[in-house]
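See below for upload_3.pdb, which holds PDB, C-alpha atoms, pLDDT in the B column.
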ATOM      1  CA  MET A   1     105.189  98.820  61.571  1.00 48.00           C
ATOM      2  CA  ALA A   2     103.453  98.461  64.900  1.00 51.00           C
ATOM      3  CA  ASN A   3     101.330 101.157  66.446  1.00 55.00           C
ATOM      4  CA  ILE A   4     102.529 101.141  70.038  1.00 56.00           C
ATOM      5  CA  LYS A   5     100.913 103.387  72.621  1.00 59.00           C
ATOM      6  CA  PHE A   6     102.910 104.129  75.739  1.00 58.00           C
ATOM      7  CA  GLU A   7     101.086 105.501  78.763  1.00 62.00           C
ATOM      8  CA  ILE A   8     102.242 106.102  82.317  1.00 62.00           C
ATOM      9  CA  LYS A   9      99.450 105.104  84.690  1.00 64.00           C
ATOM     10  CA  GLY A  10      98.626 107.016  87.867  1.00 61.00           C
ATOM     11  CA  THR A  11      99.514 110.459  86.579  1.00 62.00           C
ATOM     12  CA  ASP A  12      95.962 111.817  86.247  1.00 66.00           C
ATOM     13  CA  LYS A  13      96.009 113.600  89.623  1.00 65.00           C
ATOM     14  CA  LEU A  14      99.438 115.050  88.963  1.00 63.00           C
ATOM     15  CA  LEU A  15      98.438 116.266  85.506  1.00 63.00           C
ATOM     16  CA  LYS A  16      95.405 118.048  86.977  1.00 67.00           C
ATOM     17  CA  GLU A  17      97.739 119.962  89.303  1.00 65.00           C
ATOM     18  CA  LEU A  18     100.105 120.774  86.480  1.00 63.00           C
ATOM     19  CA  LYS A  19      97.319 122.237  84.341  1.00 67.00           C
ATOM     20  CA  SER A  20      97.674 125.396  86.408  1.00 68.00           C
ATOM     21  CA  CYS A  21     101.012 126.037  84.671  1.00 66.00           C
ATOM     22  CA  PRO A  22     100.557 124.599  81.149  1.00 63.00           C
ATOM     23  CA  GLY A  23     103.293 126.616  79.449  1.00 70.00           C
ATOM     24  CA  ILE A  24     105.975 125.435  81.839  1.00 70.00           C
ATOM     25  CA  THR A  25     104.652 121.899  82.004  1.00 73.00           C
ATOM     26  CA  ASN A  26     104.375 121.561  78.231  1.00 78.00           C
ATOM     27  CA  LYS A  27     107.924 122.846  77.801  1.00 82.00           C
ATOM     28  CA  TRP A  28     109.336 120.149  80.099  1.00 83.00           C
ATOM     29  CA  ILE A  29     107.089 117.359  78.849  1.00 83.00           C
ATOM     30  CA  LYS A  30     108.004 118.192  75.252  1.00 86.00           C
ATOM     31  CA  LYS A  31     111.711 118.102  76.181  1.00 89.00           C
ATOM     32  CA  ALA A  32     111.164 114.705  77.818  1.00 90.00           C
ATOM     33  CA  MET A  33     109.272 113.433  74.789  1.00 90.00           C
ATOM     34  CA  HIS A  34     112.107 114.519  72.482  1.00 94.00           C
ATOM     35  CA  ALA A  35     114.695 112.874  74.754  1.00 95.00           C
ATOM     36  CA  ASN A  36     112.684 109.659  74.926  1.00 94.00           C
ATOM     37  CA  VAL A  37     112.065 109.512  71.185  1.00 95.00           C
ATOM     38  CA  MET A  38     115.791 109.956  70.594  1.00 96.00           C
ATOM     39  CA  GLN A  39     116.599 107.271  73.200  1.00 96.00           C
ATOM     40  CA  VAL A  40     114.358 104.732  71.453  1.00 95.00           C
ATOM     41  CA  ARG A  41     115.528 105.879  68.004  1.00 96.00           C
ATOM     42  CA  ASN A  42     119.202 105.443  68.833  1.00 97.00           C
ATOM     43  CA  LEU A  43     118.700 102.033  70.446  1.00 96.00           C
ATOM     44  CA  SER A  44     116.493 100.856  67.576  1.00 95.00           C
ATOM     45  CA  GLN A  45     119.039 102.068  65.059  1.00 95.00           C
ATOM     46  CA  SER A  46     121.790 100.128  66.835  1.00 93.00           C
ATOM     47  CA  TYR A  47     119.633  96.953  66.646  1.00 92.00           C
ATOM     48  CA  THR A  48     118.699  97.471  62.985  1.00 91.00           C
ATOM     49  CA  PRO A  49     120.260  94.871  60.699  1.00 88.00           C
ATOM     50  CA  VAL A  50     122.865  96.194  58.279  1.00 85.00           C
ATOM     51  CA  ASP A  51     123.512  95.000  54.773  1.00 83.00           C
ATOM     52  CA  THR A  52     124.052  98.203  52.812  1.00 87.00           C
ATOM     53  CA  GLY A  53     123.185 100.630  55.642  1.00 89.00           C
ATOM     54  CA  ASN A  54     120.083 101.921  53.850  1.00 94.00           C
ATOM     55  CA  LEU A  55     117.592 100.560  56.403  1.00 93.00           C
ATOM     56  CA  ARG A  56     119.508 101.950  59.355  1.00 93.00           C
ATOM     57  CA  ALA A  57     119.786 105.346  57.653  1.00 96.00           C
ATOM     58  CA  SER A  58     116.065 105.455  56.827  1.00 96.00           C
ATOM     59  CA  ILE A  59     114.883 106.008  60.411  1.00 96.00           C
ATOM     60  CA  ARG A  60     112.753 109.112  61.028  1.00 96.00           C
ATOM     61  CA  THR A  61     111.302 110.744  64.151  1.00 96.00           C
ATOM     62  CA  LYS A  62     108.712 113.366  64.961  1.00 94.00           C
ATOM     63  CA  VAL A  63     107.154 114.820  68.118  1.00 91.00           C
ATOM     64  CA  ASP A  64     103.712 116.406  67.845  1.00 89.00           C
ATOM     65  CA  GLN A  65     101.592 118.153  70.420  1.00 84.00           C
ATOM     66  CA  LYS A  66      97.910 117.238  70.295  1.00 80.00           C
ATOM     67  CA  GLY A  67      95.884 119.677  72.348  1.00 71.00           C
ATOM     68  CA  MET A  68      97.082 121.209  75.616  1.00 64.00           C
ATOM     69  CA  SER A  69      98.489 118.133  77.333  1.00 66.00           C
ATOM     70  CA  LYS A  70      98.895 115.338  74.789  1.00 78.00           C
ATOM     71  CA  PHE A  71     102.107 114.647  72.957  1.00 83.00           C
ATOM     72  CA  LEU A  72     102.773 112.070  70.294  1.00 87.00           C
ATOM     73  CA  GLY A  73     106.217 110.652  69.579  1.00 90.00           C
ATOM     74  CA  LEU A  74     106.665 108.885  66.263  1.00 92.00           C
ATOM     75  CA  ILE A  75     109.537 106.710  65.086  1.00 94.00           C
ATOM     76  CA  TRP A  76     109.475 104.973  61.720  1.00 94.00           C
ATOM     77  CA  TYR A  77     111.654 103.676  58.918  1.00 95.00           C
ATOM     78  CA  ILE A  78     111.078 104.867  55.354  1.00 96.00           C
ATOM     79  CA  ALA A  79     112.843 101.980  53.589  1.00 94.00           C
ATOM     80  CA  GLU A  80     110.141 100.054  51.731  1.00 93.00           C
ATOM     81  CA  TYR A  81     111.388  96.710  53.053  1.00 90.00           C
ATOM     82  CA  ALA A  82     111.634  97.783  56.718  1.00 90.00           C
ATOM     83  CA  ILE A  83     108.457  95.951  57.728  1.00 90.00           C
ATOM     84  CA  TYR A  84     109.748  92.687  56.245  1.00 87.00           C
ATOM     85  CA  VAL A  85     113.030  92.871  58.130  1.00 86.00           C
ATOM     86  CA  HIS A  86     111.321  93.982  61.349  1.00 88.00           C
ATOM     87  CA  GLU A  87     108.723  91.221  61.241  1.00 86.00           C
ATOM     88  CA  LYS A  88     111.270  88.551  60.185  1.00 80.00           C
ATOM     89  CA  THR A  89     109.663  87.725  56.859  1.00 73.00           C
ATOM     90  CA  TRP A  90     113.041  88.460  55.295  1.00 62.00           C
ATOM     91  CA  THR A  91     115.519  86.307  57.199  1.00 62.00           C
ATOM     92  CA  ARG A  92     118.880  87.100  55.613  1.00 65.00           C
ATOM     93  CA  LEU A  93     120.567  88.960  58.482  1.00 63.00           C
ATOM     94  CA  ARG A  94     124.293  89.517  58.769  1.00 65.00           C
ATOM     95  CA  SER A  95     123.980  91.710  61.837  1.00 66.00           C
ATOM     96  CA  GLY A  96     121.320  93.293  64.013  1.00 71.00           C
ATOM     97  CA  ARG A  97     118.059  91.861  65.271  1.00 75.00           C
ATOM     98  CA  HIS A  98     114.478  91.398  64.168  1.00 82.00           C
ATOM     99  CA  LYS A  99     111.803  93.451  65.991  1.00 88.00           C
ATOM    100  CA  PHE A 100     114.457  96.152  66.408  1.00 92.00           C
ATOM    101  CA  LEU A 101     111.974  98.979  66.989  1.00 91.00           C
ATOM    102  CA  GLU A 102     109.787  97.086  69.457  1.00 90.00           C
ATOM    103  CA  LEU A 103     112.811  95.824  71.386  1.00 92.00           C
ATOM    104  CA  ALA A 104     114.198  99.341  71.671  1.00 94.00           C
ATOM    105  CA  LEU A 105     110.908 100.647  73.045  1.00 91.00           C
ATOM    106  CA  PHE A 106     110.472  97.884  75.601  1.00 91.00           C
ATOM    107  CA  GLU A 107     114.099  98.040  76.727  1.00 93.00           C
ATOM    108  CA  SER A 108     113.793 101.823  77.185  1.00 92.00           C
ATOM    109  CA  THR A 109     110.644 101.724  79.339  1.00 88.00           C
ATOM    110  CA  HIS A 110     112.348 102.384  82.686  1.00 88.00           C
ATOM    111  CA  LYS A 111     114.498 105.163  81.291  1.00 92.00           C
ATOM    112  CA  ILE A 112     111.437 106.739  79.663  1.00 89.00           C
ATOM    113  CA  LYS A 113     109.591 106.777  82.996  1.00 86.00           C
ATOM    114  CA  ARG A 114     112.607 108.294  84.768  1.00 89.00           C
ATOM    115  CA  THR A 115     112.868 111.004  82.118  1.00 90.00           C
ATOM    116  CA  TYR A 116     109.217 111.981  82.562  1.00 84.00           C
ATOM    117  CA  VAL A 117     109.455 112.005  86.358  1.00 84.00           C
ATOM    118  CA  SER A 118     112.548 114.198  86.154  1.00 88.00           C
ATOM    119  CA  SER A 119     110.823 116.576  83.734  1.00 85.00           C
ATOM    120  CA  ILE A 120     107.754 116.856  85.942  1.00 80.00           C
ATOM    121  CA  LYS A 121     109.994 117.680  88.919  1.00 82.00           C
ATOM    122  CA  LYS A 122     111.725 120.356  86.849  1.00 83.00           C
ATOM    123  CA  ALA A 123     108.343 121.801  85.863  1.00 80.00           C
ATOM    124  CA  PHE A 124     107.323 122.020  89.530  1.00 77.00           C
ATOM    125  CA  LEU A 125     110.632 123.597  90.515  1.00 80.00           C
ATOM    126  CA  GLU A 126     110.338 126.188  87.771  1.00 77.00           C
ATOM    127  CA  GLU A 127     106.739 126.994  88.666  1.00 71.00           C
ATOM    128  CA  PHE A 128     107.221 127.239  92.435  1.00 70.00           C
ATOM    129  CA  LYS A 129     110.714 128.731  92.755  1.00 67.00           C
TER     130      LYS A 129
END

Please, can you express the file's structure as structure tokens?
Amino acid sequence: MANIKFEIKGTDKLLKELKSCPGITNKWIKKAMHANVMQVRNLSQSYTPVDTGNLRASIRTKVDQKGMSKFLGLIWYIAEYAIYVHEKTWTRLRSGRHKFLELALFESTHKIKRTYVSSIKKAFLEEFK
């Protein structure tokens, strides 16, 4: 499907401060990443068209840590025809929507940001309590 990169701008200064407590920060950021991946997954799954239920059931997720402060959240469908339904090259829909994964990501943007802000606050509270 689409390779979508999501980045929150203006956090460079904050991340420099948080590098002094990487274990705590990574714990909270990883929790936020998991929560956000599940948020987008669940919304995408609810938008996924259903004929037999195979496409909806084929969704997969993964959260990886790349280095000390980079996390990667992946969401994909393993059904071979997922790309055709997503990109509307296969138009026989009884329910659901095309672009179901992209729509879920874009509709979750504000919630994703709030989750990260909350996690960063929790990291600070845990570090400086």

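Shortest atom-to-atom contact with Ile78 of chain A among A:Lys62, A:Lys121, A:Arg56, A:Arg97: A:Arg56, counting only C-alpha atoms.
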
Could you tell me which residues the PyMOL selection byres ((chain A and resi 72) around 10) returns for this structure, as a PyMOL selection string?
chain A and resi 5-6+30+33-34+37+62-66+70-71+73-74

Write the residues of the preceding selection, restricted to C-alpha atoms, as an mmCIF file, in the coordinates of the input.
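What follows is the written file selection04.cif:
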data_model
loop_
_atom_site.group_PDB
_atom_site.id
_atom_site.type_symbol
_atom_site.label_atom_id
_atom_site.label_comp_id
_atom_site.auth_asym_id
_atom_site.auth_seq_id
_atom_site.Cartn_x
_atom_site.Cartn_y
_atom_site.Cartn_z
ATOM 1 C CA LYS A 5 100.913 103.387 72.621
ATOM 2 C CA PHE A 6 102.910 104.129 75.739
ATOM 3 C CA LYS A 30 108.004 118.192 75.252
ATOM 4 C CA MET A 33 109.272 113.433 74.789
ATOM 5 C CA HIS A 34 112.107 114.519 72.482
ATOM 6 C CA VAL A 37 112.065 109.512 71.185
ATOM 7 C CA LYS A 62 108.712 113.366 64.961
ATOM 8 C CA VAL A 63 107.154 114.820 68.118
ATOM 9 C CA ASP A 64 103.712 116.406 67.845
ATOM 10 C CA GLN A 65 101.592 118.153 70.420
ATOM 11 C CA LYS A 66 97.910 117.238 70.295
ATOM 12 C CA LYS A 70 98.895 115.338 74.789
ATOM 13 C CA PHE A 71 102.107 114.647 72.957
ATOM 14 C CA GLY A 73 106.217 110.652 69.579
ATOM 15 C CA LEU A 74 106.665 108.885 66.263
#

Up to 12 Å from (109.3, 110.4, 83.0) in the file's coordinates: name the residues, counting all atoms listed in the file, as a VMD selection string.
chain A and resid 6 to 9 11 28 to 36 108 to 123

Measure the distance from atom CA of Val40 of chain A to atom CA of Gly23 of chain A in Å and round it to one decimal.
25.8 Å

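Restricting the calculation to all atoms listed in the file, the smallest distance between Ala57 of chain A and any of A:Leu125, A:Ile24, A:Leu105, A:Ala79 is found for A:Ala79.
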
Work out how far apart atom CA of Trp76 of chain A and atom CA of Arg60 of chain A are and give it in Å to one decimal.
5.3 Å

Mind telling me what the PyMOL selection byres ((chain A and resi 50) around 12) catches here, as a short mmCIF file (atom, residue, chain, number, x, y, z; two decimals) with C-alpha atoms, keeping the file's coordinate frame?
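Final output, saved to selection31.cif:
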data_model
loop_
_atom_site.label_atom_id
_atom_site.label_comp_id
_atom_site.auth_asym_id
_atom_site.auth_seq_id
_atom_site.Cartn_x
_atom_site.Cartn_y
_atom_site.Cartn_z
CA GLN A 45 119.04 102.07 65.06
CA SER A 46 121.79 100.13 66.83
CA TYR A 47 119.63 96.95 66.65
CA THR A 48 118.70 97.47 62.98
CA PRO A 49 120.26 94.87 60.70
CA ASP A 51 123.51 95.00 54.77
CA THR A 52 124.05 98.20 52.81
CA GLY A 53 123.18 100.63 55.64
CA ASN A 54 120.08 101.92 53.85
CA LEU A 55 117.59 100.56 56.40
CA ARG A 56 119.51 101.95 59.36
CA ALA A 57 119.79 105.35 57.65
CA SER A 58 116.06 105.46 56.83
CA ALA A 82 111.63 97.78 56.72
CA VAL A 85 113.03 92.87 58.13
CA ARG A 92 118.88 87.10 55.61
CA LEU A 93 120.57 88.96 58.48
CA ARG A 94 124.29 89.52 58.77
CA SER A 95 123.98 91.71 61.84
CA GLY A 96 121.32 93.29 64.01
CA ARG A 97 118.06 91.86 65.27
CA HIS A 98 114.48 91.40 64.17
CA PHE A 100 114.46 96.15 66.41
#

As a check of understanding: the span from atom CA of Ile59 of chain A to atom CA of Tyr77 of chain A is 4.3 Å

Would you please work out which residue, of A:Thr61, A:Lys88, A:Glu126, A:Tyr81, is nearest to Arg41 of chain A when using only C-alpha atoms?
A:Thr61

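Of the residues listed (A:Glu127, A:His86, A:Met38, A:Glu80), A:His86 shows the shortest atom-to-atom separation from Leu103 of chain A; distances use all atoms listed in the file.
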
For segment 23-36 of chain A, supply N, CA, C and O atoms and format the output as an mmCIF file, keeping the file's coordinate frame.
data_model
loop_
_atom_site.group_PDB
_atom_site.id
_atom_site.type_symbol
_atom_site.label_atom_id
_atom_site.label_comp_id
_atom_site.auth_asym_id
_atom_site.auth_seq_id
_atom_site.Cartn_x
_atom_site.Cartn_y
_atom_site.Cartn_z
ATOM 1 N N GLY A 23 102.145 126.234 80.265
ATOM 2 C CA GLY A 23 103.293 126.616 79.449
ATOM 3 C C GLY A 23 104.573 125.975 79.944
ATOM 4 O O GLY A 23 105.363 125.436 79.170
ATOM 5 N N ILE A 24 104.773 126.028 81.236
ATOM 6 C CA ILE A 24 105.975 125.435 81.839
ATOM 7 C C ILE A 24 105.935 123.921 81.723
ATOM 8 O O ILE A 24 106.909 123.278 81.322
ATOM 9 N N THR A 25 104.793 123.348 82.055
ATOM 10 C CA THR A 25 104.652 121.899 82.004
ATOM 11 C C THR A 25 104.877 121.387 80.587
ATOM 12 O O THR A 25 105.637 120.444 80.377
ATOM 13 N N ASN A 26 104.232 122.005 79.617
ATOM 14 C CA ASN A 26 104.375 121.561 78.231
ATOM 15 C C ASN A 26 105.819 121.655 77.762
ATOM 16 O O ASN A 26 106.291 120.792 77.025
ATOM 17 N N LYS A 27 106.524 122.689 78.185
ATOM 18 C CA LYS A 27 107.924 122.846 77.801
ATOM 19 C C LYS A 27 108.742 121.638 78.281
ATOM 20 O O LYS A 27 109.505 121.054 77.513
ATOM 21 N N TRP A 28 108.560 121.250 79.535
ATOM 22 C CA TRP A 28 109.336 120.149 80.099
ATOM 23 C C TRP A 28 108.884 118.791 79.574
ATOM 24 O O TRP A 28 109.703 117.907 79.329
ATOM 25 N N ILE A 29 107.590 118.624 79.385
ATOM 26 C CA ILE A 29 107.089 117.359 78.849
ATOM 27 C C ILE A 29 107.558 117.189 77.404
ATOM 28 O O ILE A 29 107.958 116.099 76.996
ATOM 29 N N LYS A 30 107.541 118.275 76.640
ATOM 30 C CA LYS A 30 108.004 118.192 75.252
ATOM 31 C C LYS A 30 109.499 117.853 75.196
ATOM 32 O O LYS A 30 109.934 117.051 74.373
ATOM 33 N N LYS A 31 110.279 118.448 76.112
ATOM 34 C CA LYS A 31 111.711 118.102 76.181
ATOM 35 C C LYS A 31 111.892 116.625 76.508
ATOM 36 O O LYS A 31 112.738 115.944 75.930
ATOM 37 N N ALA A 32 111.083 116.121 77.446
ATOM 38 C CA ALA A 32 111.164 114.705 77.818
ATOM 39 C C ALA A 32 110.766 113.822 76.651
ATOM 40 O O ALA A 32 111.406 112.791 76.392
ATOM 41 N N MET A 33 109.719 114.217 75.940
ATOM 42 C CA MET A 33 109.272 113.433 74.789
ATOM 43 C C MET A 33 110.379 113.378 73.733
ATOM 44 O O MET A 33 110.673 112.307 73.198
ATOM 45 N N HIS A 34 111.001 114.508 73.450
ATOM 46 C CA HIS A 34 112.107 114.519 72.482
ATOM 47 C C HIS A 34 113.246 113.605 72.945
ATOM 48 O O HIS A 34 113.783 112.831 72.156
ATOM 49 N N ALA A 35 113.604 113.713 74.218
ATOM 50 C CA ALA A 35 114.695 112.874 74.754
ATOM 51 C C ALA A 35 114.344 111.396 74.651
ATOM 52 O O ALA A 35 115.183 110.570 74.278
ATOM 53 N N ASN A 36 113.100 111.059 74.967
ATOM 54 C CA ASN A 36 112.684 109.659 74.926
ATOM 55 C C ASN A 36 112.605 109.122 73.496
ATOM 56 O O ASN A 36 113.004 107.990 73.240
#
